[in-house]
Structures are given as C-alpha cells and as structure tokens.
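Worksheet: one structure, shown below.
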Amino acid sequence: MTQSVNNYGAIIKECSRFAKKEICDQALDADFISNSKWLTSIWTKSMAVDLPLLPIPEKFNGVGESELCCAIILDLLASDCAGIASAFAFHYAGCIPIIEDQKTNGLSAITNADPKKPVIATIIFPSDYDDCQIKIKEKKGKLYLSGTSGLTGNAGHANIFTVFVQDGASPDEITCIMIHKDTAGFSMGKPGRLPGLKVNPFQKLIFNDAWIDTDAIIGQRKKGRSLMEKTQNSFNGFIAAMAMGMIRTAHKKALEYAGKRYQSGEMIIHHSEMQRMLGNMVTKLSVGTSAYLRVFNEDKLDLPYASADGSAAKIFCTDSALEATSDAIQILGGYGYMHEYGMEKLMRDSKVLNLLGGSSPNLNVKQIAKNIQKAA
Amino acid sequence: MITSNIKYGLFNDESDLLYNAPSLGKLKKRFPQYIKNAEKAQLYGRRLARDVLLPKALETDEKCHEDPTFFDQEVWKAFNDAKINICWLPKEFGGLGWSMLDYAAAAEELLAADIGNASTHLFNGFWIMAVVSDMRLDLFMHAAREIIQANNKKRPVFFSWAVTEPAGGTDNLFKEPCKTGRPTMEIEKMSGGYQLNGSKCFISNGSLAHYVLFAASVDRERPLETMGCFFVPTDSKGFSVGRVEHKMGQKAFQTAELVLKDVFVPDKNIWVQPGKGMQHTTEILSVTSGSVALNGIAVARGAVEKCIQFACQKKTGGLRLIDENWVQIAIAEMLGEIKAVRSRFYDFVIALDTLHFASLMTKVPMKLAMIPRELLLTKPCKWITDQKRVSDITSAYKKSIVPEETVNYFKSYSSELKVTGSNLGMKITSRVLDIVGLEGMTRDHGIEKLFRDAKLLQIYDGINQVHSVQHFNDEFRKVIR
C-alpha cells in the first residue's frame with residue numbers, strides 16, 4: 001500500500017501546490033456567499049495541472065491514473081475545501097461508467113475541451129424517494145427520459161450527466177445513460193441550498209420527455225446494475241476519502257490552537273480531555289484512511305468475511321469526520337463557531353458528506369436489503 | 001402563517017405540558033393554580049412562536065447571514081406587546097408575574113420555533129438575575145423602571161453581560177480557571193469610580209445592548225480575588241461595539257466584541273464590589289447554564305417535529321418514510337431522550353421556583369415592594385429605594401432565603417443540565433438529518449438550521465467540558481480523596 005501511495009508522490013505534490021495557491025485562501029469567502037462561480041474558475045485553473053483528466057485513460061489524452069489516486073487527491077483537496085473536492089468527486093464518479101465503456105465521444109469531449117469552457121461530468125443514481133424518480137419511456141422505437149432526480153452535485157455547472165435509471169419493474173434492470181446538458185426536454189430544478197459544500201451547485205435534474213439517442217446508452221440497456229454498483233462503490237470511497245481530508249485539517253487546526261490556549265495554569269493541550277479528543281481524531285484518521293484505501297485496492301487484501309465495501313468506508317469515515325470536526329470546535333471554543341476561523345465550515349461540510357449518497361443508517365438498511373435481494 | 005395537519009408539538013392547540021412532564025401531575029393536585037398558569041403560559045408561548053417566529057425563522061437566518069447586525073423590529077414589537085421582556089415582573093409592576101415554570105413552558109415553544117430570534121429576547125431577561133443576586137433594591141428598581149418605561153414607550157432596551165475575554169474564553173465564569181487566568185482588561189481605581197480599558201468578545205446581544213454589565217478583575221495578577229461587576233451604559237464615552245460575529249447558527253442572536261477605551265464607571269454603577277464578582281457570576285450561572293438545557297430540548301423537539309412532518313410526506317417504494325420500521329424506532333428513541341432530559345429540567349425549574357431566586361417573587365418583602373406601577377415611577381419611590389440602608393436590608397434578606405450553599409448546589413445542577421441538554425440538541429438534530437437525508441437537509445425544510453443552531457449550545461455560557469469538570473468537582477471532590 002505504502003509503495004502504491006508513494007507512486008503518486010509527484011501528483012500529490014503538484015496538487016498540493018495547486019490547492020495551496022488557488023484554493024486554500026479563498027475557500028472561506030467563497031463558502032460564505034455560496035460562490036459556485038469560484039468553483040468554475042478553480043476548475044478552469046485546475047486544467048493546467050490536469051486535475052479533471054486524472055482518471056481518464058491516456059489513450060484518450062487523459063492522465064490515466066487509478067481511482068485510488070483520484071481518492072488520494074480528493075482527500076488532499078478536501079483538506080482545503082470539501083466543496084471543491086466534492087465537485088471533482090462527482091466528476092470522477094461521472095467519468096467511471098464512461099471510462100468503463102470506453103465512450104469515445106464523452107471522454108474526448110472532456111479531454112479536448114477549451115479550458116475556458118471546461119466539460120464537467122456528474123453522476124446520478126436512482127433516488128430513494130418516489131417523487132424523485134426518472135423513468136425511461138419508449139415511443140415509436142425512440143427512448144425518452146422523464147421525471148426528476150434527487151439532489152445532484154455539480155448539477156449547476158456540469159455538461160455531461162451520467163444517469164443510472166431503473167428501466168423496468170425490477171430494481172435489477174438498470175440502464176446507464178450519458179446525457180448532454182443541451183438535450184431538449186432537460187432542465188434544472190432550483191438550487192438545493194445545503195448547509196455545506198456550498199460552492200458546489202446541487203440541484204435536481206428535470207427530464208420532460210427528453211429524447212435520448214441509443215448511442216447515449218452506456219453498456220447494454222437494462223444490464224447496468226453491476227456498473228452502477230461499481231460506480232456507487234467508488235463514489236462512496238471518494239466521499240470517505242474527502243472525509244479523511246477534513247479530519248486532517250480539523251486535527252491540525254485544533255492541535256495548533258490547543259498548543260497556544262492557556263487555561264488553568266497550562267496550555268490546554270496538556271488537559272487529558274483535549275488529548276482524548278485529539279487522539280480520537282488520529283485514530284479515526286488512521287482507520288478511516290486504511291478503509292478508503294482498501295476500497296480501491298481490494299485485490300491486495302481480499303478477505304471474504306470483510307469485503308472492502310465503499311458504503312461501509314463511507315459510513316465510518318463521514319461519521320468520524322462529523323465527530324472530529326464537532327470536537328475540534330469544542331477545542332477552539334467560541335472561535336470554533338465563528339466563520340472566519342474555518343472550523344464551523346468543516347463541520348457543516350462534514351454533515352453534508354455524511355448524508356451524500358445516503359445517510360449512515362439508511363445505507364446500513366440498504367446494505368442488508370441489497371444482500372437479501374441478491375440471495376432471493 | 002405556517003400550518004400543519006399534524007396536530008403535534010408546536011401545532012397542538014392544547015397544552016401538552018403534563019403529558020411531556022408527567023411529574024407535574026403530582027403538583028397539579030396540590031397546587032392547581034401553579035400548573036394551570038404554566039399550561040396557559042405554554043399556549044401563550046406557542047401562539048407567539050407559531051404566529052411570529054416560525055414563519056420568519058429562515059428569512060431572518062438568511063438576513064443575519066448577510067448582515068449580522070440585522071435586528072427584526074417586528075419580532076421585537078410582538079415580543080414587547082406580549083410582555084416577554086417583563087414576564088418576570090409581578091403583575092402589579094405591569095409584568096406577567098410568571099414563575100420559572102411558566103417561563104420554561106413558554107420559552108420551550110419560542111425556542112423550538114426559532115432559537116436565534118427567541119434567545120435575543122429571552123436572554124434579555126438576564127438582567128433580573130444580575131440584580132436579584134445581591135437584591136439591592138436600588139438596582140432592582142432602577143432596572144425594573146427602565147424596562148417598564150421602555151415597554152410602555154415601545155422602544156427596545158437591551159441588557160447584556162460581558163464576561164469572555166480574547167484568549168481567555170470563559171475562564172472568568174469558573175473559580176479554578178479564573179484563579180490562574182490571564183485577563184486582559186485593565187481596570188484602574190480613580191477618584192469616584194473606576195476606569196476600564198480593553199475588550200470583551202463573543203458577547204450575546206452586545207451590539208444591541210443599552211446597558212452592559214462587565215464582569216472583570218481589578219488586579220490582573222489576582223483575577224479571582226478582585227473580580228467585580230461594572231454597569232456601563234453603552235452611550236458612555238469610550239464605549240464602542242467592535243466586530244459583530246458571523247456565526248454558524250443562531251444568527252439572529254447577535255454576538256459582538258465590545259471595546260472599552262478609558263470608560264469611566266462611577267461608584268454608583270459598581271454593581272458588585274471587586275472581590276465579590278465570582279459569587280455573583282456563579283449565581284447567574286446557577287440559573288442560566290441550566291436553562292441552556294431548555295434550548296437543547298427545544299431544538300431537539302423542533303427537529304423531531306419537522307422530521308415527522310417530512311417523513312409523513314415522503315414516500316419510498318410506495319411506503320411513507322414514517323412507516324419504515326427503523327425510522328419509527330429512531331423517532332421513538334429520540335422522543336424518549338427528549339422527555340428524559342425535559343423531566344430532569346422541569347425538576348430544576350420547580351426547584352428554582354421553590355428554593356432559588358424565583359422564590360423571592362412570592363415572599364412577603366417582595367409583595368410589599370409590589371407597588372403599583374404608577375407609584376413605581378415616581379420620585380419619592382425612587383428616593384426610598386435608593387437608600388443604602390433599604391438595599392442592605394433587602395440584600396441580607398435575600399441571602400437568608402437563597403444562601404451561598406443553595407447557589408452552589410444549583411451551580412452543580414445547572415452545569416450537569418447544561419451539558420446533558422446541549423449534547424441532546426446536537427445528537428438529535430444530527431440524527432434527524434440522518435433520517436431526512438440530503439433532500440430534507442435543504443434549507444427550506446429548516447432542519448439543517450436547527451443542526452447549526454444546536455452546536456452553539458455546547459459552547460456558550462461556558463464550554464461543556466469545563467462545566468463537566470465543575471460538575472465532577474462539586475459532586476465528587478468531597479467524597480473522593
């Protein structure tokens with residue numbers, strides 16, 4: 001594992017430099033006004049370091065890095081701004097089915113885009129709610145999409161939408177479709193307005209008999225379930241990775257403050273309760289990082305009794321991030337609650353990550369339900 | 001107006017006080033009027049919450065995000081008309097004559113609707129604790145007169161309490177941290193008073209205040225032994241409001257930095273003499289910290305009520321979310337936890353009514369002091385109450401009713417409740433978000449606001465960890481060697 005992570009040393013360094021220069025100092029201000037235009041400008045700049053092309057194979061002029069590498073970079077970006085990182089996570093996840101299917105038009109569109117007009121992807125999975133369902137209709141041999149999606153990250157600035165739709169009575173019948181922003185009958189709902197990841201424009205997608213070319217179908221129609229599960233697994237792994245980036249920052253800021261804040265005759269870092277909280281962050285960081293790395297490296301440690309499940313890693317990592325950021329606010333006291341110190345943003349962001357792709361209890365329920373379905 | 005077809009919580013038209021806190025039922029048999037009044041107060045608060053606070057909660061939160069100094073005049077007017085700011089005062093003074101139980105029953109409703117806006121007005125009642133601590137009649141009457149006149153003239157008057165100092169957090173609130181603290185305020189004895197220099201931070205209502213009570217130490221080398229309380233009208237020369245903070249939640253509850261540059265405080269405005277400041281602070285905390293638990297209960301129930309509404313509307317696979325087994329169990333568990341803390345909190349409230357400052361309101365000397373409001377504002381009355389001897393008598397009497405041991409007992413009780421209640425608020429608002437998911441977390445549902453609001457409860461009025469240490473020391477130091 002260490003070796004494979006070290007392989008990414010150069011990319012990590014380059015992305016760190018980029019994040020420090022472009023993201024770090026502006027993240028708080030952008031969060032304050034929910035500035036998604038800032039995200040667009042970061043995206044344009046990120047093209048100089050090929051960030052949007054990270055998972056795209058070299059033969060399509062991409063960087064050709066693994067999903068593991070993407071996750072590590074998301075961890076890194078989230079330590080500066082989870083909102084920005086989440087935009088890349090949605091993009092990378094949106095690219096996965098396209099890459100799997102070697103969809104030339106989609107990949108070329110992304111790699112050959114004019115930096116001033118970047119092509120950004122996002123991912124849409126079937127929603128839990130009955131009023132947020134997308135259906136495929138067939139009329140005179142043509143396929144149309146209708147319905148509304150759940151809240152989707154990147155919606156406000158993406159051009160390519162990779163949509164998984166239940167295509168039939170059985171939840172096993174899944175079709176994956178790549179839709180372009182300009183598709184007739186396709187529009188956006190109102191901004192989602194979440195308390196965290198605020199620079200990422202979350203919206204619902206509305207399909208009103210949007211005609212889809214058969215060429216837009218990724219893989220085989222109704223046979224996309226395993227591709228969806230694979231993509232979901234990676235997306236959950238990405239979320240877990242971002243949660244770890246946030247714990248790192250929370251820990252760093254809290255440790256720094258605890259070393260400077262004097263109380264009861266000593267710096268509070270000498271108080272054992274502070275040490276417990278800071279130590280707990282380190283523990284969660286250590287276990288959580290291992291968990292998400294394993295999601296993308298299962299072949300290295302394939303244990304039949306404990307599969308490297310993305311949703312399990314996501315549950316552990318985001319629950320941990322919420323706990324860590326909340327504790328970090330306690331360490332900073334009043335300063336932790338004020339916007340300008342950046343800690344409260346971490347907590348808001350971590351709660352959104354916690355719910356992204358399904359809340360922890362919801363995912364636990366789904367996890368078991370899925371297995372029952374498989375057994376049946 | 002926001003309506004709901006689920007007649008539960010804020011939308012229940014009947015009082016559910018006894019249902020929520022069944023132990024009050026026992027009291028109802030012996031003291032029917034005490035409970036009846038509280039039930040009335042609960043509905044009074046609920047109507048105000050539903051009609052005034054709830055419809056504006058999100059809009060106000062947004063306005064305050066853009067401008068942290070935004071103050072909603074309409075809400076203030078409604079609270080002023082409802083006499084919430086003088087609810088503590090006896091009816092003879094023009095107040096509502098509320099007991100602590102009445103207050104708690106009403107406040108829970110207001111806080112559940114919008115904790116930020118409600119806190120702005122409820123915290124303003126803090127002045128009564130500040131003056132009742134020493135029960136100096138001159139201070140009590142001065143403050144009472146001021147607030148009654150303001151109520152009559154329909155102009156806001158705000159009192160604030162400034163303790164926290166930059167880099168010192170809430171060290172000044174507690175004996176141990178204060179003893180070794182490093183305060184930054186400089187206080188110099190001058191002829192006829194004191195001169196104050198320095199700043200206080202994170203002061204609730206500081207930017208709205210007309211009067212601020214500064215708890216600060218005269219000798220920075222001996223902060224605990226020399227702490228006093230200095231009453232400063234905010235139009236004093238040298239007083240200014242610094243930054244008004246951008247907070248994560250409770251945005252309508254303004255938090256400001258207060259800056260003092262050569263502010264002169266005459267002797268008559270020394271509310272608590274240097275040396276007695278910590279006991280005064282402890283007495284205030286012995287009530288306010290416990291009351292933070294009510295805020296926790298309120299955000300928690302506010303979140304659960306919104307969760308039930310959301311889960312009744314949302315369907316998943318043909319089933320309503322509320323019909324899901326895990327959701328029902330989660331809601332039931334949360335309600336159980338809320339009721340457990342509420343029960344402990346109402347015990348506290350009844351104890352305040354019986355043993356603490358609130359008991360003074362029903363004692364004979366207070367009744368004698370319940371001069372009709374027409375007389376209260378007259379000069380002869382002011383002359384009598386300004387006499388030092390009169391204040392000495394009332395002060396001594398108060399201390400016989402609420403001795404230091406009682407205050408110390410309540411301080412421990414209050415710390416315990418503060419931690420339990422605020423943790424409840426955080427835990428439940430977060431768990432509710434887990435149920436409603438990303439969609440329920442969007443701004444319009446108002447649940448994410450409760451989550452942001454709840455976090456402050458673990459921090460203000462003394463960070464939870466310090467309260468827990470205090471609670472431990474009070475409870476166990478005497479038995480563990």
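Residues in the structure tokens are named by chain (A, B, ... in the order shown) and by number from 1 within that chain; ligands are numbered from 1 in the order shown.
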Practice task
Determine which residues of segment 150-276 of chain B DSSP labels as strand (DSSP E or B) from the backbone of this structure, then write them out as a count of residues only.
Solution key: 59
Exercise for the section: Pick out the chain B residues within 7 Å of chain A. Count only C-alpha atoms. Give them as an NGL selection string. Expected result: :B and (167 or 176-177 or 180-181 or 245-248 or 314-318 or 434 or 437-439 or 441-443 or 448 or 456 or 459 or 463)
Exercise for the section: List every residue of segment 314-361 of chain B that DSSP, applied to the backbone of this structure, places in alpha helix (DSSP H), and write the result as a PyMOL selection string. Expected result: chain B and resi 325-355
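Within 8 Å of segment 146-149 of chain A there are Ile124, Pro126, Ser127, Asp131, Cys132, Gln133, Ile134, Lys135, Ile136, Lys137, Lys204, Leu205, Ile206, Phe207, Asn208, Asp209 and Ala210 of chain A, counting only C-alpha atoms and ignoring same-chain residues fewer than 5 positions away.
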Could you save those same residues with C-alpha atoms as a compact mmCIF listing (two decimals), in the first residue's frame?
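Output file again_31.txt is given in full below:
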# COMPACT_ATOMS: atom_id res chain seq x y z
CA ILE A 124 -26.87 10.45 -10.81
CA PRO A 126 -31.71 6.30 -8.59
CA SER A 127 -33.18 8.23 -5.68
CA ASP A 131 -41.25 11.69 -6.15
CA CYS A 132 -37.64 11.78 -7.35
CA GLN A 133 -37.62 9.05 -9.96
CA ILE A 134 -36.50 9.08 -13.55
CA LYS A 135 -38.19 6.73 -15.96
CA ILE A 136 -37.41 5.59 -19.49
CA LYS A 137 -40.31 5.65 -21.91
CA LYS A 204 -32.35 18.33 -9.12
CA LEU A 205 -32.43 17.33 -12.76
CA ILE A 206 -35.77 17.51 -14.50
CA PHE A 207 -36.49 15.42 -17.57
CA ASN A 208 -39.54 16.23 -19.57
CA ASP A 209 -39.68 13.62 -22.33
CA ALA A 210 -36.03 14.22 -23.09
Completion exercise
The distance between atom CA of Ile428 of chain B and atom CA of Phe410 of chain B is 26.2 Å
Quick one: residues within 9 Å of Met426 of chain B, only C-alpha atoms, excluding same-chain residues fewer than 3 positions away - as an mmCIF file with N, CA, C and O atoms, in the first residue's frame?
data_model
loop_
_atom_site.group_PDB
_atom_site.id
_atom_site.type_symbol
_atom_site.label_atom_id
_atom_site.label_comp_id
_atom_site.auth_asym_id
_atom_site.auth_seq_id
_atom_site.Cartn_x
_atom_site.Cartn_y
_atom_site.Cartn_z
ATOM 1 N N GLY B 296 -31.536 23.146 24.357
ATOM 2 C CA GLY B 296 -31.231 21.849 23.746
ATOM 3 C C GLY B 296 -32.494 21.031 23.528
ATOM 4 O O GLY B 296 -32.686 20.426 22.468
ATOM 5 N N VAL B 299 -34.466 22.708 20.514
ATOM 6 C CA VAL B 299 -34.002 22.415 19.139
ATOM 7 C C VAL B 299 -34.233 20.947 18.806
ATOM 8 O O VAL B 299 -34.591 20.608 17.666
ATOM 9 N N ALA B 300 -34.062 20.102 19.811
ATOM 10 C CA ALA B 300 -34.255 18.665 19.570
ATOM 11 C C ALA B 300 -35.709 18.391 19.192
ATOM 12 O O ALA B 300 -35.989 17.717 18.208
ATOM 13 N N GLY B 421 -28.290 18.737 28.225
ATOM 14 C CA GLY B 421 -29.267 19.332 27.302
ATOM 15 C C GLY B 421 -28.638 19.734 25.976
ATOM 16 O O GLY B 421 -29.228 19.519 24.912
ATOM 17 N N SER B 422 -27.447 20.317 26.039
ATOM 18 C CA SER B 422 -26.826 20.765 24.784
ATOM 19 C C SER B 422 -26.370 19.566 23.951
ATOM 20 O O SER B 422 -26.493 19.568 22.725
ATOM 21 N N ASN B 423 -25.872 18.522 24.639
ATOM 22 C CA ASN B 423 -25.495 17.311 23.895
ATOM 23 C C ASN B 423 -26.725 16.670 23.245
ATOM 24 O O ASN B 423 -26.662 16.154 22.129
ATOM 25 N N THR B 429 -30.507 16.635 16.536
ATOM 26 C CA THR B 429 -30.604 17.330 15.254
ATOM 27 C C THR B 429 -29.799 16.583 14.187
ATOM 28 O O THR B 429 -30.212 16.497 13.037
ATOM 29 N N SER B 430 -28.677 16.023 14.587
ATOM 30 C CA SER B 430 -27.862 15.267 13.641
ATOM 31 C C SER B 430 -28.584 13.977 13.236
ATOM 32 O O SER B 430 -28.599 13.596 12.063
ATOM 33 N N ARG B 431 -29.205 13.327 14.200
ATOM 34 C CA ARG B 431 -29.890 12.060 13.906
ATOM 35 C C ARG B 431 -31.106 12.294 13.013
ATOM 36 O O ARG B 431 -31.419 11.481 12.135
ATOM 37 N N LEU B 450 -31.517 24.010 12.480
ATOM 38 C CA LEU B 450 -31.539 23.549 13.874
ATOM 39 C C LEU B 450 -30.224 22.856 14.238
ATOM 40 O O LEU B 450 -29.728 22.993 15.356
ATOM 41 N N PHE B 451 -29.672 22.131 13.283
ATOM 42 C CA PHE B 451 -28.386 21.452 13.496
ATOM 43 C C PHE B 451 -27.279 22.487 13.731
ATOM 44 O O PHE B 451 -26.470 22.354 14.658
ATOM 45 N N ARG B 452 -27.280 23.532 12.889
ATOM 46 C CA ARG B 452 -26.260 24.585 13.055
ATOM 47 C C ARG B 452 -26.467 25.317 14.375
ATOM 48 O O ARG B 452 -25.524 25.646 15.085
ATOM 49 N N ASP B 453 -27.752 25.580 14.672
ATOM 50 C CA ASP B 453 -28.083 26.298 15.917
ATOM 51 C C ASP B 453 -27.631 25.517 17.148
ATOM 52 O O ASP B 453 -27.129 26.080 18.118
ATOM 53 N N ALA B 454 -27.840 24.198 17.085
ATOM 54 C CA ALA B 454 -27.611 23.371 18.276
ATOM 55 C C ALA B 454 -26.157 23.408 18.741
ATOM 56 O O ALA B 454 -25.874 23.367 19.928
ATOM 57 N N LYS B 455 -25.227 23.503 17.781
ATOM 58 C CA LYS B 455 -23.814 23.395 18.153
ATOM 59 C C LYS B 455 -23.395 24.488 19.149
ATOM 60 O O LYS B 455 -22.555 24.258 20.015
ATOM 61 N N LEU B 457 -24.890 25.600 21.599
ATOM 62 C CA LEU B 457 -25.278 25.299 22.976
ATOM 63 C C LEU B 457 -24.166 24.584 23.743
ATOM 64 O O LEU B 457 -24.081 24.689 24.958
ATOM 65 N N GLN B 458 -23.324 23.859 23.015
ATOM 66 C CA GLN B 458 -22.219 23.156 23.694
ATOM 67 C C GLN B 458 -21.072 24.107 24.014
ATOM 68 O O GLN B 458 -20.123 23.731 24.693
#
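The interatomic distance for the pair atom CA of Val390 of chain B and atom CA of Val407 of chain B works out to 23.3 Å.
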Fill in the blank from the handout: If you count only C-alpha atoms, the residue of A:Glu14, A:Val163, A:Asp31, A:Met188 closest to Phe90 of chain A turns out to be A:Val163
